[in-house]
$ cat my_file04.pdb   # PDB, C-alpha atoms
ATOM      1  CA  MET O1086      37.190  70.172  25.957  1.00  0.00           C
ATOM      2  CA  GLU O1087      38.284  68.811  22.582  1.00  0.00           C
ATOM      3  CA  GLN O1088      38.176  71.217  19.648  1.00  0.00           C
ATOM      4  CA  PRO O1089      36.430  70.250  16.382  1.00  0.00           C
ATOM      5  CA  VAL O1090      38.926  69.358  13.659  1.00  0.00           C
ATOM      6  CA  ALA O1091      38.487  70.362  10.010  1.00  0.00           C
ATOM      7  CA  VAL O1092      39.157  67.270   7.887  1.00  0.00           C
ATOM      8  CA  GLN O1093      38.857  65.966   4.362  1.00  0.00           C
ATOM      9  CA  THR O1094      35.835  63.669   4.290  1.00  0.00           C
ATOM     10  CA  THR O1095      35.525  63.127   0.556  1.00  0.00           C
ATOM     11  CA  LEU O1096      38.558  61.022  -0.239  1.00  0.00           C
ATOM     12  CA  PRO O1097      38.396  58.519  -3.123  1.00  0.00           C
ATOM     13  CA  GLU O1098      39.536  55.531  -1.040  1.00  0.00           C
ATOM     14  CA  SER O1099      37.051  56.341   1.728  1.00  0.00           C
ATOM     15  CA  ARG O1100      34.269  56.356  -0.845  1.00  0.00           C
ATOM     16  CA  THR O1101      35.455  53.029  -2.271  1.00  0.00           C
ATOM     17  CA  ASN O1102      35.441  51.585   1.275  1.00  0.00           C
ATOM     18  CA  ALA O1103      31.945  53.017   1.863  1.00  0.00           C
ATOM     19  CA  ARG O1104      30.709  51.367  -1.342  1.00  0.00           C
ATOM     20  CA  ALA O1105      32.077  47.988  -0.213  1.00  0.00           C
ATOM     21  CA  MET O1106      30.690  48.541   3.298  1.00  0.00           C
ATOM     22  CA  SER O1107      27.162  49.345   2.096  1.00  0.00           C
ATOM     23  CA  GLY O1108      26.518  45.784   0.883  1.00  0.00           C
ATOM     24  CA  TRP O1109      27.647  44.206   4.152  1.00  0.00           C
ATOM     25  CA  LEU O1110      25.628  46.765   6.172  1.00  0.00           C
ATOM     26  CA  LYS O1111      22.474  45.927   4.215  1.00  0.00           C
ATOM     27  CA  PHE O1112      23.093  42.176   4.563  1.00  0.00           C
ATOM     28  CA  ILE O1113      23.520  42.332   8.362  1.00  0.00           C
ATOM     29  CA  GLY O1114      20.540  44.708   8.490  1.00  0.00           C
ATOM     30  CA  ILE O1115      18.254  42.266   6.649  1.00  0.00           C
ATOM     31  CA  VAL O1116      19.441  39.330   8.815  1.00  0.00           C
ATOM     32  CA  SER O1117      18.771  41.405  11.946  1.00  0.00           C
ATOM     33  CA  LEU O1118      15.351  42.523  10.657  1.00  0.00           C
ATOM     34  CA  VAL O1119      14.232  38.972   9.764  1.00  0.00           C
ATOM     35  CA  SER O1120      15.482  37.525  13.074  1.00  0.00           C
ATOM     36  CA  GLY O1121      13.651  40.333  14.925  1.00  0.00           C
ATOM     37  CA  ILE O1122      10.395  39.513  13.106  1.00  0.00           C
ATOM     38  CA  LEU O1123      10.847  35.786  13.886  1.00  0.00           C
ATOM     39  CA  GLN O1124      11.475  36.635  17.565  1.00  0.00           C
ATOM     40  CA  ALA O1125       8.310  38.790  17.604  1.00  0.00           C
ATOM     41  CA  LEU O1126       6.282  35.826  16.273  1.00  0.00           C
ATOM     42  CA  SER O1127       7.164  33.890  19.425  1.00  0.00           C
ATOM     43  CA  ILE O1128       5.035  36.420  21.465  1.00  0.00           C
ATOM     44  CA  VAL O1129       7.444  36.350  24.453  1.00  0.00           C
ATOM     45  CA  GLY O1130      10.180  37.565  22.094  1.00  0.00           C
ATOM     46  CA  ILE O1131       8.318  40.856  21.498  1.00  0.00           C
ATOM     47  CA  VAL O1132       9.950  42.135  24.716  1.00  0.00           C
ATOM     48  CA  TRP O1133      13.316  42.433  22.949  1.00  0.00           C
ATOM     49  CA  ALA O1134      12.425  41.844  19.254  1.00  0.00           C
ATOM     50  CA  TRP O1135      11.763  45.549  18.665  1.00  0.00           C
ATOM     51  CA  LEU O1136      15.412  46.285  19.476  1.00  0.00           C
ATOM     52  CA  THR O1137      16.638  43.735  16.920  1.00  0.00           C
ATOM     53  CA  ILE O1138      14.218  45.182  14.338  1.00  0.00           C
ATOM     54  CA  TRP O1139      15.384  48.720  15.186  1.00  0.00           C
ATOM     55  CA  VAL O1140      19.057  47.694  14.706  1.00  0.00           C
ATOM     56  CA  GLY O1141      18.098  46.066  11.385  1.00  0.00           C
ATOM     57  CA  ILE O1142      16.381  49.243  10.156  1.00  0.00           C
ATOM     58  CA  LEU O1143      19.340  51.402  11.276  1.00  0.00           C
ATOM     59  CA  LEU O1144      21.851  49.135   9.513  1.00  0.00           C
ATOM     60  CA  ASN O1145      19.789  49.205   6.310  1.00  0.00           C
ATOM     61  CA  GLN O1146      19.606  53.007   6.484  1.00  0.00           C
ATOM     62  CA  ALA O1147      23.370  53.139   7.160  1.00  0.00           C
ATOM     63  CA  GLY O1148      23.888  50.962   4.051  1.00  0.00           C
ATOM     64  CA  SER O1149      21.856  53.409   1.942  1.00  0.00           C
ATOM     65  CA  ARG O1150      23.794  56.402   3.355  1.00  0.00           C
ATOM     66  CA  ALA O1151      27.107  54.606   2.677  1.00  0.00           C
ATOM     67  CA  ARG O1152      26.041  54.095  -0.955  1.00  0.00           C
ATOM     68  CA  ALA O1153      24.963  57.762  -1.229  1.00  0.00           C
ATOM     69  CA  TYR O1154      28.324  58.890   0.197  1.00  0.00           C
ATOM     70  CA  ALA O1155      30.188  56.600  -2.202  1.00  0.00           C
ATOM     71  CA  ASP O1156      28.209  57.937  -5.177  1.00  0.00           C
ATOM     72  CA  ASN O1157      28.228  61.664  -4.398  1.00  0.00           C
ATOM     73  CA  GLY O1158      30.965  62.144  -1.777  1.00  0.00           C
ATOM     74  CA  ASP O1159      28.865  64.720   0.063  1.00  0.00           C
ATOM     75  CA  GLU O1160      29.422  65.448   3.718  1.00  0.00           C
ATOM     76  CA  ALA O1161      25.713  65.202   4.610  1.00  0.00           C
ATOM     77  CA  ALA O1162      25.619  61.514   3.573  1.00  0.00           C
ATOM     78  CA  LEU O1163      28.815  60.787   5.557  1.00  0.00           C
ATOM     79  CA  ASN O1164      27.362  62.627   8.556  1.00  0.00           C
ATOM     80  CA  ALA O1165      24.133  60.586   8.321  1.00  0.00           C
ATOM     81  CA  LEU O1166      26.148  57.351   7.920  1.00  0.00           C
ATOM     82  CA  THR O1167      28.266  57.998  11.025  1.00  0.00           C
ATOM     83  CA  ALA O1168      25.155  59.078  13.003  1.00  0.00           C
ATOM     84  CA  LYS O1169      23.401  55.782  12.121  1.00  0.00           C
ATOM     85  CA  LEU O1170      26.530  53.787  13.020  1.00  0.00           C
ATOM     86  CA  LYS O1171      26.833  55.667  16.329  1.00  0.00           C
ATOM     87  CA  THR O1172      23.250  54.771  17.303  1.00  0.00           C
ATOM     88  CA  THR O1173      23.640  51.150  16.116  1.00  0.00           C
ATOM     89  CA  PHE O1174      26.861  50.562  18.067  1.00  0.00           C
ATOM     90  CA  ALA O1175      25.307  52.200  21.150  1.00  0.00           C
ATOM     91  CA  ILE O1176      22.225  49.919  21.028  1.00  0.00           C
ATOM     92  CA  ILE O1177      24.321  46.776  20.445  1.00  0.00           C
ATOM     93  CA  GLY O1178      26.739  47.846  23.203  1.00  0.00           C
ATOM     94  CA  ILE O1179      23.953  48.477  25.724  1.00  0.00           C
ATOM     95  CA  LEU O1180      22.311  45.146  24.788  1.00  0.00           C
ATOM     96  CA  THR O1181      25.666  43.392  25.244  1.00  0.00           C
ATOM     97  CA  ILE O1182      26.125  44.904  28.721  1.00  0.00           C
ATOM     98  CA  ILE O1183      22.519  43.980  29.693  1.00  0.00           C
ATOM     99  CA  SER O1184      23.059  40.404  28.396  1.00  0.00           C
ATOM    100  CA  ILE O1185      26.258  40.060  30.435  1.00  0.00           C
ATOM    101  CA  GLY O1186      24.416  41.380  33.523  1.00  0.00           C
ATOM    102  CA  ILE O1187      21.516  38.940  33.052  1.00  0.00           C
ATOM    103  CA  GLY O1188      24.004  36.107  32.430  1.00  0.00           C
ATOM    104  CA  LEU O1189      25.891  36.905  35.634  1.00  0.00           C
ATOM    105  CA  ILE O1190      22.649  37.128  37.686  1.00  0.00           C
ATOM    106  CA  ALA O1191      21.439  33.827  36.180  1.00  0.00           C
ATOM    107  CA  GLY O1192      24.794  32.214  37.032  1.00  0.00           C
ATOM    108  CA  ILE O1193      24.646  33.450  40.640  1.00  0.00           C
ATOM    109  CA  VAL O1194      21.011  32.244  40.988  1.00  0.00           C
ATOM    110  CA  TRP O1195      22.016  28.805  39.674  1.00  0.00           C
ATOM    111  CA  VAL O1196      24.916  28.558  42.118  1.00  0.00           C
ATOM    112  CA  ILE O1197      22.566  29.534  44.999  1.00  0.00           C
ATOM    113  CA  ILE O1198      19.916  26.988  43.912  1.00  0.00           C
ATOM    114  CA  ILE O1199      22.471  24.187  43.683  1.00  0.00           C
ATOM    115  CA  ALA O1200      24.127  25.200  46.965  1.00  0.00           C
ATOM    116  CA  THR O1201      20.811  25.297  48.879  1.00  0.00           C
ATOM    117  CA  GLY O1202      19.737  21.765  48.184  1.00  0.00           C
ATOM    118  CA  GLY O1203      18.655  21.963  44.550  1.00  0.00           C
ATOM    119  CA  MET O1204      20.175  18.554  44.019  1.00  0.00           C
ATOM    120  CA  GLY O1205      17.842  17.107  46.682  1.00  0.00           C
ATOM    121  CA  ILE O1206      14.815  18.685  44.990  1.00  0.00           C
ATOM    122  CA  MET O1207      15.932  17.323  41.617  1.00  0.00           C
ATOM    123  CA  SER O1208      16.330  13.781  42.965  1.00  0.00           C
ATOM    124  CA  THR O1209      12.840  13.967  44.569  1.00  0.00           C
ATOM    125  CA  LEU O1210      11.388  15.174  41.253  1.00  0.00           C
ATOM    126  CA  LEU O1211      13.127  12.358  39.395  1.00  0.00           C
ATOM    127  CA  GLU O1212      11.709   9.805  41.873  1.00  0.00           C
ATOM    128  CA  GLN O1213       8.202  11.221  41.308  1.00  0.00           C
ATOM    129  CA  LEU O1214       8.671  11.149  37.510  1.00  0.00           C
ATOM    130  CA  LYS O1215       9.631   7.478  37.713  1.00  0.00           C
ATOM    131  CA  GLY O1216       6.311   6.793  39.470  1.00  0.00           C
ATOM    132  CA  LEU O1217       4.249   8.511  36.746  1.00  0.00           C
ATOM    133  CA  ASN O1218       2.361   6.315  34.297  1.00  0.00           C
ATOM    134  CA  PHE O1219       2.195   7.893  30.782  1.00  0.00           C
TER     135      PHE O1219
ATOM    136  CA  MET L 251      36.741  54.709 -10.608  1.00  0.00           C
ATOM    137  CA  VAL L 252      35.362  57.113  -7.984  1.00  0.00           C
ATOM    138  CA  PRO L 253      35.739  60.797  -8.952  1.00  0.00           C
ATOM    139  CA  PRO L 254      37.505  62.964  -6.325  1.00  0.00           C
ATOM    140  CA  ALA L 255      35.435  65.655  -4.610  1.00  0.00           C
ATOM    141  CA  ALA L 256      36.303  68.847  -2.747  1.00  0.00           C
ATOM    142  CA  PRO L 257      37.554  68.709   0.874  1.00  0.00           C
ATOM    143  CA  ALA L 258      34.967  69.666   3.503  1.00  0.00           C
ATOM    144  CA  PRO L 259      34.967  70.345   7.237  1.00  0.00           C
ATOM    145  CA  ALA L 260      33.306  67.593   9.253  1.00  0.00           C
ATOM    146  CA  GLY L 261      32.790  68.582  12.871  1.00  0.00           C
ATOM    147  CA  SER L 262      29.681  66.442  13.392  1.00  0.00           C
ATOM    148  CA  VAL L 263      31.229  63.455  11.608  1.00  0.00           C
ATOM    149  CA  ILE L 264      34.104  63.588  14.083  1.00  0.00           C
ATOM    150  CA  ASP L 265      31.648  63.962  16.977  1.00  0.00           C
ATOM    151  CA  ASN L 266      29.729  60.888  15.793  1.00  0.00           C
ATOM    152  CA  ILE L 267      32.920  58.836  15.473  1.00  0.00           C
ATOM    153  CA  ARG L 268      34.130  60.080  18.876  1.00  0.00           C
ATOM    154  CA  SER L 269      30.861  58.911  20.506  1.00  0.00           C
ATOM    155  CA  THR L 270      31.208  55.490  18.833  1.00  0.00           C
ATOM    156  CA  ILE L 271      34.712  54.785  20.219  1.00  0.00           C
ATOM    157  CA  PRO L 272      33.660  53.587  23.737  1.00  0.00           C
ATOM    158  CA  TRP L 273      31.090  51.159  22.264  1.00  0.00           C
ATOM    159  CA  LEU L 274      33.635  49.824  19.784  1.00  0.00           C
ATOM    160  CA  LYS L 275      35.995  49.161  22.714  1.00  0.00           C
ATOM    161  CA  VAL L 276      33.290  47.513  24.871  1.00  0.00           C
ATOM    162  CA  MET L 277      32.210  45.215  22.056  1.00  0.00           C
ATOM    163  CA  GLY L 278      35.810  44.488  21.098  1.00  0.00           C
ATOM    164  CA  VAL L 279      36.733  43.420  24.631  1.00  0.00           C
ATOM    165  CA  VAL L 280      33.495  41.393  25.052  1.00  0.00           C
ATOM    166  CA  ASN L 281      34.107  39.542  21.771  1.00  0.00           C
ATOM    167  CA  VAL L 282      37.768  38.783  22.543  1.00  0.00           C
ATOM    168  CA  VAL L 283      36.925  37.579  26.086  1.00  0.00           C
ATOM    169  CA  GLY L 284      33.899  35.588  24.813  1.00  0.00           C
ATOM    170  CA  GLY L 285      36.032  33.979  22.111  1.00  0.00           C
ATOM    171  CA  GLY L 286      38.775  33.263  24.674  1.00  0.00           C
ATOM    172  CA  LEU L 287      36.244  31.510  26.923  1.00  0.00           C
ATOM    173  CA  GLY L 288      34.943  29.628  23.863  1.00  0.00           C
ATOM    174  CA  VAL L 289      38.454  28.277  23.195  1.00  0.00           C
ATOM    175  CA  LEU L 290      38.400  26.711  26.692  1.00  0.00           C
ATOM    176  CA  THR L 291      35.456  24.473  25.711  1.00  0.00           C
ATOM    177  CA  VAL L 292      36.081  21.499  23.426  1.00  0.00           C
ATOM    178  CA  TRP L 293      33.588  22.306  20.652  1.00  0.00           C
ATOM    179  CA  GLY L 294      33.946  26.073  21.075  1.00  0.00           C
ATOM    180  CA  VAL L 295      37.425  25.957  19.480  1.00  0.00           C
ATOM    181  CA  ILE L 296      35.781  25.434  16.065  1.00  0.00           C
ATOM    182  CA  PHE L 297      34.008  28.804  16.127  1.00  0.00           C
ATOM    183  CA  ALA L 298      35.935  30.787  18.785  1.00  0.00           C
ATOM    184  CA  TRP L 299      38.254  32.306  16.164  1.00  0.00           C
ATOM    185  CA  LEU L 300      35.331  34.299  14.771  1.00  0.00           C
ATOM    186  CA  PRO L 301      34.512  36.443  17.869  1.00  0.00           C
ATOM    187  CA  ILE L 302      38.256  36.810  18.577  1.00  0.00           C
ATOM    188  CA  TRP L 303      38.829  38.081  15.021  1.00  0.00           C
ATOM    189  CA  LEU L 304      35.800  40.418  15.270  1.00  0.00           C
ATOM    190  CA  GLY L 305      36.962  41.673  18.678  1.00  0.00           C
ATOM    191  CA  ILE L 306      40.468  42.458  17.419  1.00  0.00           C
ATOM    192  CA  VAL L 307      39.052  44.269  14.360  1.00  0.00           C
ATOM    193  CA  LEU L 308      36.690  46.309  16.587  1.00  0.00           C
ATOM    194  CA  LEU L 309      39.545  47.277  18.936  1.00  0.00           C
ATOM    195  CA  LYS L 310      41.779  48.275  15.997  1.00  0.00           C
ATOM    196  CA  THR L 311      38.884  50.321  14.543  1.00  0.00           C
ATOM    197  CA  ALA L 312      38.485  52.071  17.915  1.00  0.00           C
ATOM    198  CA  ARG L 313      42.229  52.846  18.018  1.00  0.00           C
ATOM    199  CA  GLN L 314      42.148  54.192  14.450  1.00  0.00           C
ATOM    200  CA  ALA L 315      39.025  56.260  15.269  1.00  0.00           C
ATOM    201  CA  GLU L 316      40.834  57.757  18.278  1.00  0.00           C
ATOM    202  CA  ALA L 317      43.832  58.697  16.140  1.00  0.00           C
ATOM    203  CA  TRP L 318      41.649  60.220  13.406  1.00  0.00           C
ATOM    204  CA  THR L 319      39.493  62.282  15.785  1.00  0.00           C
ATOM    205  CA  ARG L 320      42.697  63.729  17.291  1.00  0.00           C
ATOM    206  CA  ASN L 321      44.370  64.924  14.091  1.00  0.00           C
ATOM    207  CA  GLY L 322      41.805  64.479  11.280  1.00  0.00           C
ATOM    208  CA  ASP L 323      44.372  63.589   8.621  1.00  0.00           C
ATOM    209  CA  PRO L 324      43.085  62.219   5.275  1.00  0.00           C
ATOM    210  CA  ALA L 325      45.171  59.024   5.509  1.00  0.00           C
ATOM    211  CA  GLY L 326      43.618  58.363   8.943  1.00  0.00           C
ATOM    212  CA  MET L 327      40.128  58.774   7.482  1.00  0.00           C
ATOM    213  CA  GLU L 328      40.887  56.278   4.728  1.00  0.00           C
ATOM    214  CA  SER L 329      42.329  53.835   7.237  1.00  0.00           C
ATOM    215  CA  LEU L 330      39.284  54.250   9.510  1.00  0.00           C
ATOM    216  CA  THR L 331      36.820  53.508   6.693  1.00  0.00           C
ATOM    217  CA  ARG L 332      38.947  50.472   5.747  1.00  0.00           C
ATOM    218  CA  TRP L 333      38.721  49.152   9.320  1.00  0.00           C
ATOM    219  CA  LEU L 334      34.970  49.852   9.492  1.00  0.00           C
ATOM    220  CA  ARG L 335      34.541  47.977   6.223  1.00  0.00           C
ATOM    221  CA  THR L 336      36.475  45.016   7.712  1.00  0.00           C
ATOM    222  CA  CYS L 337      34.260  45.174  10.845  1.00  0.00           C
ATOM    223  CA  PHE L 338      31.101  44.721   8.806  1.00  0.00           C
ATOM    224  CA  PHE L 339      32.733  42.091   6.595  1.00  0.00           C
ATOM    225  CA  VAL L 340      33.650  39.977   9.653  1.00  0.00           C
ATOM    226  CA  GLY L 341      30.205  40.702  11.156  1.00  0.00           C
ATOM    227  CA  SER L 342      28.604  39.393   7.955  1.00  0.00           C
ATOM    228  CA  ILE L 343      30.690  36.206   8.102  1.00  0.00           C
ATOM    229  CA  ALA L 344      29.553  35.773  11.727  1.00  0.00           C
ATOM    230  CA  ALA L 345      25.933  36.269  10.598  1.00  0.00           C
ATOM    231  CA  ILE L 346      26.325  33.649   7.832  1.00  0.00           C
ATOM    232  CA  VAL L 347      27.908  31.156  10.281  1.00  0.00           C
ATOM    233  CA  GLY L 348      25.058  31.914  12.736  1.00  0.00           C
ATOM    234  CA  LEU L 349      22.426  31.294  10.051  1.00  0.00           C
ATOM    235  CA  VAL L 350      24.039  27.966   9.051  1.00  0.00           C
ATOM    236  CA  LEU L 351      24.264  26.872  12.717  1.00  0.00           C
ATOM    237  CA  ALA L 352      20.627  27.922  13.310  1.00  0.00           C
ATOM    238  CA  ALA L 353      19.512  25.892  10.280  1.00  0.00           C
ATOM    239  CA  LEU L 354      21.524  22.858  11.456  1.00  0.00           C
ATOM    240  CA  GLY L 355      20.124  23.281  14.983  1.00  0.00           C
ATOM    241  CA  THR L 356      16.546  23.428  13.675  1.00  0.00           C
ATOM    242  CA  VAL L 357      17.004  20.251  11.586  1.00  0.00           C
ATOM    243  CA  THR L 358      18.691  18.418  14.498  1.00  0.00           C
ATOM    244  CA  ALA L 359      16.002  19.500  16.987  1.00  0.00           C
ATOM    245  CA  THR L 360      13.240  18.398  14.577  1.00  0.00           C
ATOM    246  CA  VAL L 361      14.833  14.981  14.015  1.00  0.00           C
ATOM    247  CA  ILE L 362      15.427  14.461  17.759  1.00  0.00           C
ATOM    248  CA  GLY L 363      11.885  15.682  18.571  1.00  0.00           C
ATOM    249  CA  LEU L 364      10.293  13.349  16.038  1.00  0.00           C
ATOM    250  CA  GLY L 365      12.449  10.456  17.247  1.00  0.00           C
ATOM    251  CA  PHE L 366      11.537  11.142  20.886  1.00  0.00           C
ATOM    252  CA  GLY L 367       7.827  11.381  19.949  1.00  0.00           C
ATOM    253  CA  ARG L 368       7.971   8.001  18.211  1.00  0.00           C
ATOM    254  CA  TRP L 369       9.809   6.487  21.197  1.00  0.00           C
ATOM    255  CA  LEU L 370       7.124   7.865  23.593  1.00  0.00           C
ATOM    256  CA  LEU L 371       4.296   6.409  21.467  1.00  0.00           C
ATOM    257  CA  HIS L 372       6.120   3.061  21.325  1.00  0.00           C
ATOM    258  CA  TRP L 373       6.708   3.158  25.108  1.00  0.00           C
ATOM    259  CA  ARG L 374       3.003   3.947  25.839  1.00  0.00           C
ATOM    260  CA  GLY L 375       1.780   1.133  23.571  1.00  0.00           C
ATOM    261  CA  ARG L 376       3.990  -1.454  25.289  1.00  0.00           C
TER     262      ARG L 376
END

$ encode --input "my_file04.pdb" --output "structure tokens"
Amino acid sequence: MEQPVAVQTTLPESRTNARAMSGWLKFIGIVSLVSGILQALSIVGIVWAWLTIWVGILLNQAGSRARAYADNGDEAALNALTAKLKTTFAIIGILTIISIGIGLIAGIVWVIIIATGGMGIMSTLLEQLKGLNF
Amino acid sequence: MVPPAAPAPAGSVIDNIRSTIPWLKVMGVVNVVGGGLGVLTVWGVIFAWLPIWLGIVLLKTARQAEAWTRNGDPAGMESLTRWLRTCFFVGSIAAIVGLVLAALGTVTATVIGLGFGRWLLHWRGR
């Protein structure tokens, strides 16, 4: 069990870094928010668009907390900033792991399809397409 | 010039950072490996440096976060915020590159789609 450590959280350079970070956080947040809304417009994209929108909102909130910490140097703002970053990194991390899993499953399915005569099916389909009159 | 403020204990801040470390490592490794695989493809070399750079920055941030949560020294805190700032800077560059590529992809797909449509109409009328 690790013991909590008492630390200085209100250092000038940390606040300068937080000020610089807040702009980039807001920028990535807006990009994420807009891309989430665009994904939601595609109807099928709604399945995962809410996660992108959620990440966008969290990053925007983190940007605001970073600015508040830079301005006032209070621990509450730093605590809120790190809490938002923790949730954001967890969501992105889980999404990354899920994406890798889906990618691996898709790869295995493709290998199975090709190995079990997918090429034959494709050539039959191509023959039928040649016979179609547009 | 940022005015200095009084030191304060930050148990929950450390807890938050401690919980973030595994995700920073996962994303760091995924980005480095993804970038490494991108280098293996011909066109991927052009953009593979970006995920590799992001991955290295994420891993260094994780290492700095580990060191800071162990001893909580002020210099470690400043270094950690510097690395976090770099993380989001590189992430923003990746977002800008992604937006430019998406715009180029949309224009290319539209041009190809229109060209294919015209070719189909021409082919039907023959």

$ resolve_selection --input "my_file04.pdb" --expression "the PyMOL selection byres ((chain O) within 9 of (chain L))" --output "number ranges by chain"
O: 1087, 1089-1103, 1105-1107, 1109-1110, 1112-1113, 1116-1117, 1155-1160, 1163-1172, 1174-1175, 1177-1179, 1181-1182, 1218-1219

$ residues_near_point --input "my_file04.pdb" --point "(39.6, 46.3, 20.6)" --cutoff "6 Å" --atoms "all atoms listed in the file" --output "VMD selection string"
chain L and resid 275 278 to 279 305 to 306 308 to 310

$ closest_residue --input "my_file04.pdb" --among "O:Gly1114, O:Gly1108, O:Gly1216, O:Gly1186" --to "Arg1152 (chain O)" --atoms "only C-alpha atoms"
O:Gly1108

$ atom_distance --input "my_file04.pdb" --atom1 "CA of Gly1141 (chain O)" --atom2 "CA of Ile1115 (chain O)"
6.1 Å

$ atom_distance --input "my_file04.pdb" --atom1 "CA of Thr1137 (chain O)" --atom2 "CA of Ser1184 (chain O)"
13.6 Å

$ build_atoms --input "my_file04.pdb" --residues "region 1173-1186 of chain O" --atoms "N, CA and C atoms" --output "CSV table (one decimal), keeping the file's coordinate frame"
chain,number,residue,atom,x,y,z
O,1173,THR,N,23.6,52.6,16.2
O,1173,THR,CA,23.6,51.2,16.1
O,1173,THR,C,24.6,50.6,17.1
O,1174,PHE,N,25.9,51.1,17.1
O,1174,PHE,CA,26.9,50.6,18.1
O,1174,PHE,C,26.4,50.8,19.5
O,1175,ALA,N,25.8,51.9,19.8
O,1175,ALA,CA,25.3,52.2,21.2
O,1175,ALA,C,24.2,51.2,21.6
O,1176,ILE,N,23.3,50.9,20.7
O,1176,ILE,CA,22.2,49.9,21.0
O,1176,ILE,C,22.8,48.5,21.3
O,1177,ILE,N,23.7,48.1,20.3
O,1177,ILE,CA,24.3,46.8,20.4
O,1177,ILE,C,25.2,46.7,21.7
O,1178,GLY,N,25.9,47.8,22.0
O,1178,GLY,CA,26.7,47.8,23.2
O,1178,GLY,C,25.9,47.7,24.5
O,1179,ILE,N,24.8,48.5,24.5
O,1179,ILE,CA,24.0,48.5,25.7
O,1179,ILE,C,23.3,47.1,25.9
O,1180,LEU,N,22.9,46.5,24.7
O,1180,LEU,CA,22.3,45.1,24.8
O,1180,LEU,C,23.3,44.1,25.3
O,1181,THR,N,24.6,44.3,24.8
O,1181,THR,CA,25.7,43.4,25.2
O,1181,THR,C,25.9,43.5,26.8
O,1182,ILE,N,25.9,44.7,27.3
O,1182,ILE,CA,26.1,44.9,28.7
O,1182,ILE,C,24.9,44.3,29.5
O,1183,ILE,N,23.7,44.5,29.0
O,1183,ILE,CA,22.5,44.0,29.7
O,1183,ILE,C,22.6,42.4,29.7
O,1184,SER,N,23.0,41.9,28.5
O,1184,SER,CA,23.1,40.4,28.4
O,1184,SER,C,24.1,39.8,29.4
O,1185,ILE,N,25.2,40.5,29.5
O,1185,ILE,CA,26.3,40.1,30.4
O,1185,ILE,C,25.7,40.1,31.9
O,1186,GLY,N,25.0,41.2,32.2
O,1186,GLY,CA,24.4,41.4,33.5
O,1186,GLY,C,23.4,40.3,33.8
